[in-house]
Structures are given as C-alpha cells and as structure tokens.
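Source file: my_file36.pdb (PDB, C-alpha atoms)
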ATOM      1  CA  MET A   1      -1.123  64.738 -85.457
ATOM      2  CA  LYS A   2       1.080  64.068 -82.442
ATOM      3  CA  GLY A   3      -1.986  63.451 -80.292
ATOM      4  CA  ILE A   4      -3.282  60.752 -82.638
ATOM      5  CA  LEU A   5       0.101  58.995 -82.759
ATOM      6  CA  LYS A   6       0.325  59.125 -78.981
ATOM      7  CA  LYS A   7      -3.137  57.555 -78.645
ATOM      8  CA  ILE A   8      -2.250  54.816 -81.140
ATOM      9  CA  MET A   9       1.002  54.106 -79.292
ATOM     10  CA  TRP A  10      -0.786  53.794 -75.944
ATOM     11  CA  ALA A  11      -3.457  51.571 -77.506
ATOM     12  CA  VAL A  12      -0.772  49.234 -78.905
ATOM     13  CA  ILE A  13       0.969  49.118 -75.524
ATOM     14  CA  ALA A  14      -2.347  48.372 -73.779
ATOM     15  CA  VAL A  15      -3.136  45.533 -76.207
ATOM     16  CA  ALA A  16       0.349  44.057 -75.696
ATOM     17  CA  VAL A  17       0.001  44.201 -71.896
ATOM     18  CA  ILE A  18      -3.437  42.580 -72.043
ATOM     19  CA  ALA A  19      -2.146  39.807 -74.333
ATOM     20  CA  ILE A  20       0.757  39.071 -71.985
ATOM     21  CA  ALA A  21      -1.585  39.066 -68.973
ATOM     22  CA  VAL A  22      -3.987  36.636 -70.686
ATOM     23  CA  PHE A  23      -1.096  34.328 -71.631
ATOM     24  CA  ALA A  24       0.295  34.386 -68.068
ATOM     25  CA  ALA A  25      -3.163  33.758 -66.557
ATOM     26  CA  ARG A  26      -3.663  30.790 -68.903
ATOM     27  CA  MET A  27      -0.296  29.283 -67.929
ATOM     28  CA  ILE A  28      -1.047  29.718 -64.203
ATOM     29  CA  TRP A  29      -4.513  28.175 -64.626
ATOM     30  CA  GLU A  30      -3.108  25.163 -66.498
ATOM     31  CA  GLN A  31      -0.428  24.641 -63.839
ATOM     32  CA  ARG A  32      -3.081  24.737 -61.104
ATOM     33  CA  GLN A  33      -5.127  22.140 -63.008
ATOM     34  CA  LEU A  34      -2.069  19.889 -63.181
ATOM     35  CA  ASP A  35      -1.269  20.429 -59.497
ATOM     36  CA  ALA A  36      -4.877  19.656 -58.470
ATOM     37  CA  GLY A  37      -4.674  16.170 -59.953
ATOM     38  CA  SER A  38      -2.646  14.660 -62.733
ATOM     39  CA  ARG A  39      -1.514  11.341 -64.084
ATOM     40  CA  ARG A  40       1.705  10.445 -65.851
ATOM     41  CA  ILE A  41       1.546   8.263 -68.967
ATOM     42  CA  ASN A  42       3.835   7.467 -71.881
ATOM     43  CA  ALA A  43       2.918   9.068 -75.189
ATOM     44  CA  VAL A  44       3.971   7.544 -78.502
ATOM     45  CA  ILE A  45       6.467   9.535 -80.546
ATOM     46  CA  GLU A  46       5.088  10.057 -84.053
ATOM     47  CA  GLY A  47       8.154  11.784 -85.455
ATOM     48  CA  VAL A  48      11.386  13.562 -84.606
ATOM     49  CA  SER A  49      12.980  16.372 -86.594
ATOM     50  CA  ARG A  50      16.142  18.316 -86.013
ATOM     51  CA  VAL A  51      16.573  21.970 -86.947
ATOM     52  CA  HIS A  52      20.056  23.471 -87.017
ATOM     53  CA  HIS A  53      20.386  27.202 -86.313
ATOM     54  CA  ASP A  54      23.584  28.852 -87.541
ATOM     55  CA  GLU A  55      25.750  31.212 -85.540
ATOM     56  CA  GLN A  56      24.512  34.776 -85.795
ATOM     57  CA  MET A  57      25.140  38.247 -84.478
ATOM     58  CA  GLN A  58      22.452  39.871 -82.329
ATOM     59  CA  LYS A  59      22.254  43.622 -81.850
ATOM     60  CA  VAL A  60      22.206  44.505 -78.134
ATOM     61  CA  GLY A  61      22.879  48.213 -78.228
ATOM     62  CA  ARG A  62      23.276  51.088 -80.581
ATOM     63  CA  HIS A  63      26.686  49.958 -81.806
ATOM     64  CA  ARG A  64      27.140  46.658 -79.956
ATOM     65  CA  TYR A  65      26.603  43.118 -81.151
ATOM     66  CA  ARG A  66      26.712  39.804 -79.362
ATOM     67  CA  LYS A  67      27.638  36.524 -81.003
ATOM     68  CA  MET A  68      24.905  33.903 -80.583
ATOM     69  CA  PRO A  69      26.347  30.385 -80.881
ATOM     70  CA  ALA A  70      25.003  27.797 -83.287
ATOM     71  CA  TYR A  71      22.689  25.146 -81.852
ATOM     72  CA  THR A  72      20.556  22.222 -82.945
ATOM     73  CA  GLU A  73      16.944  22.038 -81.824
ATOM     74  CA  THR A  74      15.131  18.695 -81.645
ATOM     75  CA  VAL A  75      11.361  18.789 -82.238
ATOM     76  CA  ILE A  76       9.402  15.766 -80.974
ATOM     77  CA  TYR A  77       5.853  15.100 -82.278
ATOM     78  CA  TYR A  78       3.810  12.834 -80.001
ATOM     79  CA  THR A  79       0.308  11.438 -79.466
ATOM     80  CA  TYR A  80      -1.365  10.100 -76.335
ATOM     81  CA  ARG A  81      -4.784   8.579 -75.660
ATOM     82  CA  VAL A  82      -7.025   9.117 -72.627
ATOM     83  CA  ASP A  83     -10.465   7.496 -72.354
ATOM     84  CA  GLY A  84     -10.580   6.751 -76.091
ATOM     85  CA  GLU A  85      -9.749  10.342 -77.041
ATOM     86  CA  SER A  86      -6.496  11.058 -78.883
ATOM     87  CA  TYR A  87      -4.369  14.165 -78.238
ATOM     88  CA  SER A  88      -1.375  15.295 -80.314
ATOM     89  CA  ASP A  89       1.253  17.959 -79.759
ATOM     90  CA  ASP A  90       4.934  18.680 -80.182
ATOM     91  CA  ILE A  91       7.748  19.908 -77.980
ATOM     92  CA  SER A  92      11.241  21.145 -78.734
ATOM     93  CA  THR A  93      14.451  20.949 -76.768
ATOM     94  CA  ARG A  94      17.966  22.292 -77.235
ATOM     95  CA  HIS A  95      19.623  19.615 -75.119
ATOM     96  CA  PRO A  96      22.032  17.465 -77.141
ATOM     97  CA  MET A  97      20.752  14.000 -78.049
ATOM     98  CA  LEU A  98      22.834  11.187 -76.545
ATOM     99  CA  ARG A  99      20.814   8.257 -77.916
ATOM    100  CA  ARG A 100      18.792   8.447 -81.105
ATOM    101  CA  ILE A 101      15.027   8.366 -80.603
ATOM    102  CA  GLY A 102      12.479   7.893 -83.344
ATOM    103  CA  LYS A 103       8.949   6.975 -84.304
ATOM    104  CA  GLY A 104       7.448   4.417 -81.938
ATOM    105  CA  ASP A 105       9.527   5.359 -78.884
ATOM    106  CA  SER A 106       7.787   6.892 -75.881
ATOM    107  CA  ILE A 107       7.890  10.249 -74.105
ATOM    108  CA  PRO A 108       6.514  10.789 -70.566
ATOM    109  CA  VAL A 109       3.500  13.117 -70.445
ATOM    110  CA  ARG A 110       1.688  14.445 -67.375
ATOM    111  CA  TYR A 111      -1.969  15.352 -68.027
ATOM    112  CA  ALA A 112      -4.634  16.928 -65.810
ATOM    113  CA  LEU A 113      -7.405  14.596 -64.633
ATOM    114  CA  SER A 114      -9.970  17.388 -64.997
ATOM    115  CA  ASP A 115      -9.067  18.069 -68.654
ATOM    116  CA  PRO A 116      -6.714  15.660 -70.475
ATOM    117  CA  SER A 117      -5.938  18.279 -73.140
ATOM    118  CA  ILE A 118      -3.923  20.152 -70.471
ATOM    119  CA  HIS A 119      -0.583  18.400 -70.373
ATOM    120  CA  ARG A 120       3.177  18.787 -70.021
ATOM    121  CA  ALA A 121       5.614  16.631 -71.953
ATOM    122  CA  MET A 122       8.942  15.819 -70.311
ATOM    123  CA  PRO A 123      11.601  15.330 -73.015
ATOM    124  CA  ASP A 124      14.401  15.253 -70.420
ATOM    125  CA  SER A 125      12.864  12.064 -68.994
ATOM    126  CA  ILE A 126      12.978  10.097 -72.273
ATOM    127  CA  ARG A 127      14.897   6.857 -71.772
ATOM    128  CA  LYS A 128      16.410   4.591 -74.393
ATOM    129  CA  HIS A 129      17.535   1.195 -73.057
ATOM    130  CA  ARG A 130      17.105   2.601 -69.513
ATOM    131  CA  LEU A 131      19.603   5.386 -70.211
ATOM    132  CA  PRO A 132      18.712   9.075 -70.733
ATOM    133  CA  ALA A 133      18.246  10.072 -74.369
ATOM    134  CA  PHE A 134      19.153  13.749 -73.826
ATOM    135  CA  ALA A 135      21.993  15.398 -71.916
ATOM    136  CA  TYR A 136      21.028  17.708 -69.078
TER
END
Could you take the file, read its structure, and then write that structure out as structure tokens?
Amino acid sequence: MKGILKKIMWAVIAVAVIAIAVFAARMIWEQRQLDAGSRRINAVIEGVSRVHHDEQMQKVGRHRYRKMPAYTETVIYYTYRVDGESYSDDISTRHPMLRRIGKGDSIPVRYALSDPSIHRAMPDSIRKHRLPAFAY
C-alpha cells in the first residue's frame, strides 16, 4: 500500500513540475517574440470593474498567522485590432486609481509583429488628460 501511495505522490510531483516548466517555457517564448519585433498601439477599454478583497489572516506556520491587508483590484477589459483581426483580453492591477477610467478610454498594448495575439498590456502607462491614471 505504501509503495502505491509513494508512486502516486511522485507522479503528482512530476506532473506539477512539467506543468510549471511548460508555463515558464511559454512565457520565455512569448517574451522572445516580443523582443524580436513588436509595435505599441492603443487598445480600447471595453469595461472596468473593481473587486475589493477584505483583510484576512493567512497561515504561515503550524501555529502562526500573518495579517494580509485589504486591497482593491482593478480589472480592465480591452480590445485591439491588427490587420482587420480583433483581439480581446483583460488585465488586473492593484495600484490605486488616481483618475477614473472607463469604457472608451485607451490602454497601451505592445504586440509581437510575428503573432499579434502575443501581447502585453501596460496599465501603468494609462493616461487621463495627460496625467497618469494609476499610482506607482
């Protein structure tokens, strides 16, 4: 019985390691595509939602807890067009909002020339009346 549990445990660990390796390889590949050639455009914000997370206690040891402060997360839904093709995504940030943004405003997006679906949105670069919309 112990041998079977040990094999299952090692199989689960191996699957987790492989999943993490695949995720890391994908992120590195996408970054290389962006570094090889990219263009920066402004995407249109389709919607903005705010999610408030309450203060909570997180267990960090056998008998120890750490207080996690409350925070508000802003989720930005955006769409951009490249060569007649439309791409949509969302991004979240915990930075406090200084100026209210909404539907119709723009967010800078950097996309790879080789594959426009590979992109990085830059919420910290959103400007409202030439002033930053989020605190750094």
Using all atoms listed in the file, the residue out of A:Ser92, A:Ser106, A:Ser117, A:Ser125 with shortest distance to Val75 of chain A is A:Ser92
Written as a PyMOL selection string, what is the full residue list that the PyMOL selection byres ((chain A and resi 22-30) around 12) yields on the file shown? chain A and resi 15-21+31-38+110-120
Prev. selection, C-alpha atoms, output as a PDB file, in the frame of the given file:
ATOM      1  CA  VAL A  15      -3.136  45.533 -76.207  1.00  0.00           C
ATOM      2  CA  ALA A  16       0.349  44.057 -75.696  1.00  0.00           C
ATOM      3  CA  VAL A  17       0.001  44.201 -71.896  1.00  0.00           C
ATOM      4  CA  ILE A  18      -3.437  42.580 -72.043  1.00  0.00           C
ATOM      5  CA  ALA A  19      -2.146  39.807 -74.333  1.00  0.00           C
ATOM      6  CA  ILE A  20       0.757  39.071 -71.985  1.00  0.00           C
ATOM      7  CA  ALA A  21      -1.585  39.066 -68.973  1.00  0.00           C
ATOM      8  CA  GLN A  31      -0.428  24.641 -63.839  1.00  0.00           C
ATOM      9  CA  ARG A  32      -3.081  24.737 -61.104  1.00  0.00           C
ATOM     10  CA  GLN A  33      -5.127  22.140 -63.008  1.00  0.00           C
ATOM     11  CA  LEU A  34      -2.069  19.889 -63.181  1.00  0.00           C
ATOM     12  CA  ASP A  35      -1.269  20.429 -59.497  1.00  0.00           C
ATOM     13  CA  ALA A  36      -4.877  19.656 -58.470  1.00  0.00           C
ATOM     14  CA  GLY A  37      -4.674  16.170 -59.953  1.00  0.00           C
ATOM     15  CA  SER A  38      -2.646  14.660 -62.733  1.00  0.00           C
ATOM     16  CA  ARG A 110       1.688  14.445 -67.375  1.00  0.00           C
ATOM     17  CA  TYR A 111      -1.969  15.352 -68.027  1.00  0.00           C
ATOM     18  CA  ALA A 112      -4.634  16.928 -65.810  1.00  0.00           C
ATOM     19  CA  LEU A 113      -7.405  14.596 -64.633  1.00  0.00           C
ATOM     20  CA  SER A 114      -9.970  17.388 -64.997  1.00  0.00           C
ATOM     21  CA  ASP A 115      -9.067  18.069 -68.654  1.00  0.00           C
ATOM     22  CA  PRO A 116      -6.714  15.660 -70.475  1.00  0.00           C
ATOM     23  CA  SER A 117      -5.938  18.279 -73.140  1.00  0.00           C
ATOM     24  CA  ILE A 118      -3.923  20.152 -70.471  1.00  0.00           C
ATOM     25  CA  HIS A 119      -0.583  18.400 -70.373  1.00  0.00           C
ATOM     26  CA  ARG A 120       3.177  18.787 -70.021  1.00  0.00           C
TER      27      ARG A 120
END
In Å, with one decimal, what is the gap from atom CA of Ile91 of chain A to atom CA of Pro108 of chain A?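 One can read the atom CA of Ile91 of chain A to atom CA of Pro108 of chain A distance as 11.8 Å.
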Extending 3 Å beyond the listed atoms of segment 63-66 of chain A on each side, what axis-aligned box results? I want centre and edge lengths in Å to one decimal, as JSON.
{"center_x": 26.9, "center_y": 44.9, "center_z": -80.6, "size_x": 6.5, "size_y": 16.2, "size_z": 8.4}
Which residue is closest to Lys103 of chain A? Choose from A:Thr74, A:Gln58, A:Ser88, A:Ser49 and count only C-alpha atoms.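 Of all the options, A:Ser49 lies closest to Lys103 of chain A.
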Could you list the residues chosen by the PyMOL selection byres ((chain A and resi 51) around 12) in this structure as a PDB file with C-alpha atoms, keeping the file's coordinate frame?
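The resulting result.pdb:
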ATOM      1  CA  VAL A  48      11.386  13.562 -84.606  1.00  0.00           C
ATOM      2  CA  SER A  49      12.980  16.372 -86.594  1.00  0.00           C
ATOM      3  CA  ARG A  50      16.142  18.316 -86.013  1.00  0.00           C
ATOM      4  CA  HIS A  52      20.056  23.471 -87.017  1.00  0.00           C
ATOM      5  CA  HIS A  53      20.386  27.202 -86.313  1.00  0.00           C
ATOM      6  CA  ASP A  54      23.584  28.852 -87.541  1.00  0.00           C
ATOM      7  CA  ALA A  70      25.003  27.797 -83.287  1.00  0.00           C
ATOM      8  CA  TYR A  71      22.689  25.146 -81.852  1.00  0.00           C
ATOM      9  CA  THR A  72      20.556  22.222 -82.945  1.00  0.00           C
ATOM     10  CA  GLU A  73      16.944  22.038 -81.824  1.00  0.00           C
ATOM     11  CA  THR A  74      15.131  18.695 -81.645  1.00  0.00           C
ATOM     12  CA  VAL A  75      11.361  18.789 -82.238  1.00  0.00           C
ATOM     13  CA  ILE A  76       9.402  15.766 -80.974  1.00  0.00           C
ATOM     14  CA  SER A  92      11.241  21.145 -78.734  1.00  0.00           C
ATOM     15  CA  THR A  93      14.451  20.949 -76.768  1.00  0.00           C
ATOM     16  CA  ARG A  94      17.966  22.292 -77.235  1.00  0.00           C
TER      17      ARG A  94
END
Find the distance between atom CA of Ala121 of chain A and atom CA of Glu46 of chain A and write it in Å to one decimal.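 Separating atom CA of Ala121 of chain A from atom CA of Glu46 of chain A is a distance of 13.8 Å.
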Closest atom pairs, segment 64-110 of chain A residues within 10 Å of segment 39-42 of chain A, all atoms listed in the file, as JSON lines:
{"residue": "A:Tyr78", "atom": "CA", "partner": "A:Asn42", "partner_atom": "CA", "distance": 9.7}
{"residue": "A:Thr79", "atom": "CA", "partner": "A:Asn42", "partner_atom": "CA", "distance": 9.3}
{"residue": "A:Tyr80", "atom": "CA", "partner": "A:Asn42", "partner_atom": "CA", "distance": 7.3}
{"residue": "A:Arg81", "atom": "CA", "partner": "A:Ile41", "partner_atom": "CA", "distance": 9.2}
{"residue": "A:Val82", "atom": "CA", "partner": "A:Ile41", "partner_atom": "CA", "distance": 9.4}
{"residue": "A:Asp105", "atom": "CA", "partner": "A:Asn42", "partner_atom": "CA", "distance": 9.3}
{"residue": "A:Ser106", "atom": "CA", "partner": "A:Asn42", "partner_atom": "CA", "distance": 5.7}
{"residue": "A:Ile107", "atom": "CA", "partner": "A:Asn42", "partner_atom": "CA", "distance": 5.4}
{"residue": "A:Pro108", "atom": "CA", "partner": "A:Asn42", "partner_atom": "CA", "distance": 4.5}
{"residue": "A:Val109", "atom": "CA", "partner": "A:Ile41", "partner_atom": "CA", "distance": 5.4}
{"residue": "A:Arg110", "atom": "CA", "partner": "A:Arg40", "partner_atom": "CA", "distance": 4.3}
Could those selected residues go to a file with C-alpha atoms, as a PDB file, in the coordinates of the input?
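For reference, out-v1.pdb as written:
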ATOM      1  CA  TYR A  78       3.810  12.834 -80.001  1.00  0.00           C
ATOM      2  CA  THR A  79       0.308  11.438 -79.466  1.00  0.00           C
ATOM      3  CA  TYR A  80      -1.365  10.100 -76.335  1.00  0.00           C
ATOM      4  CA  ARG A  81      -4.784   8.579 -75.660  1.00  0.00           C
ATOM      5  CA  VAL A  82      -7.025   9.117 -72.627  1.00  0.00           C
ATOM      6  CA  ASP A 105       9.527   5.359 -78.884  1.00  0.00           C
ATOM      7  CA  SER A 106       7.787   6.892 -75.881  1.00  0.00           C
ATOM      8  CA  ILE A 107       7.890  10.249 -74.105  1.00  0.00           C
ATOM      9  CA  PRO A 108       6.514  10.789 -70.566  1.00  0.00           C
ATOM     10  CA  VAL A 109       3.500  13.117 -70.445  1.00  0.00           C
ATOM     11  CA  ARG A 110       1.688  14.445 -67.375  1.00  0.00           C
TER      12      ARG A 110
END
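Atom pair atom CA of Pro132 of chain A / atom CA of Asp89 of chain A has a distance of 21.6 Å (rounded to one decimal).
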Taking the file above as input, evaluate the PyMOL selection byres ((chain A and resi 129) around 12) and report the hits as a ChimeraX atom specification. /A:98-101,105-106,126-128,130-133
For Gly102 of chain A, which of A:Ala135, A:Ile45, A:Val60, A:Met68 is the closest residue, counting all atoms listed in the file?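 Ranked by minimum distance to Gly102 of chain A, first place goes to A:Ile45.
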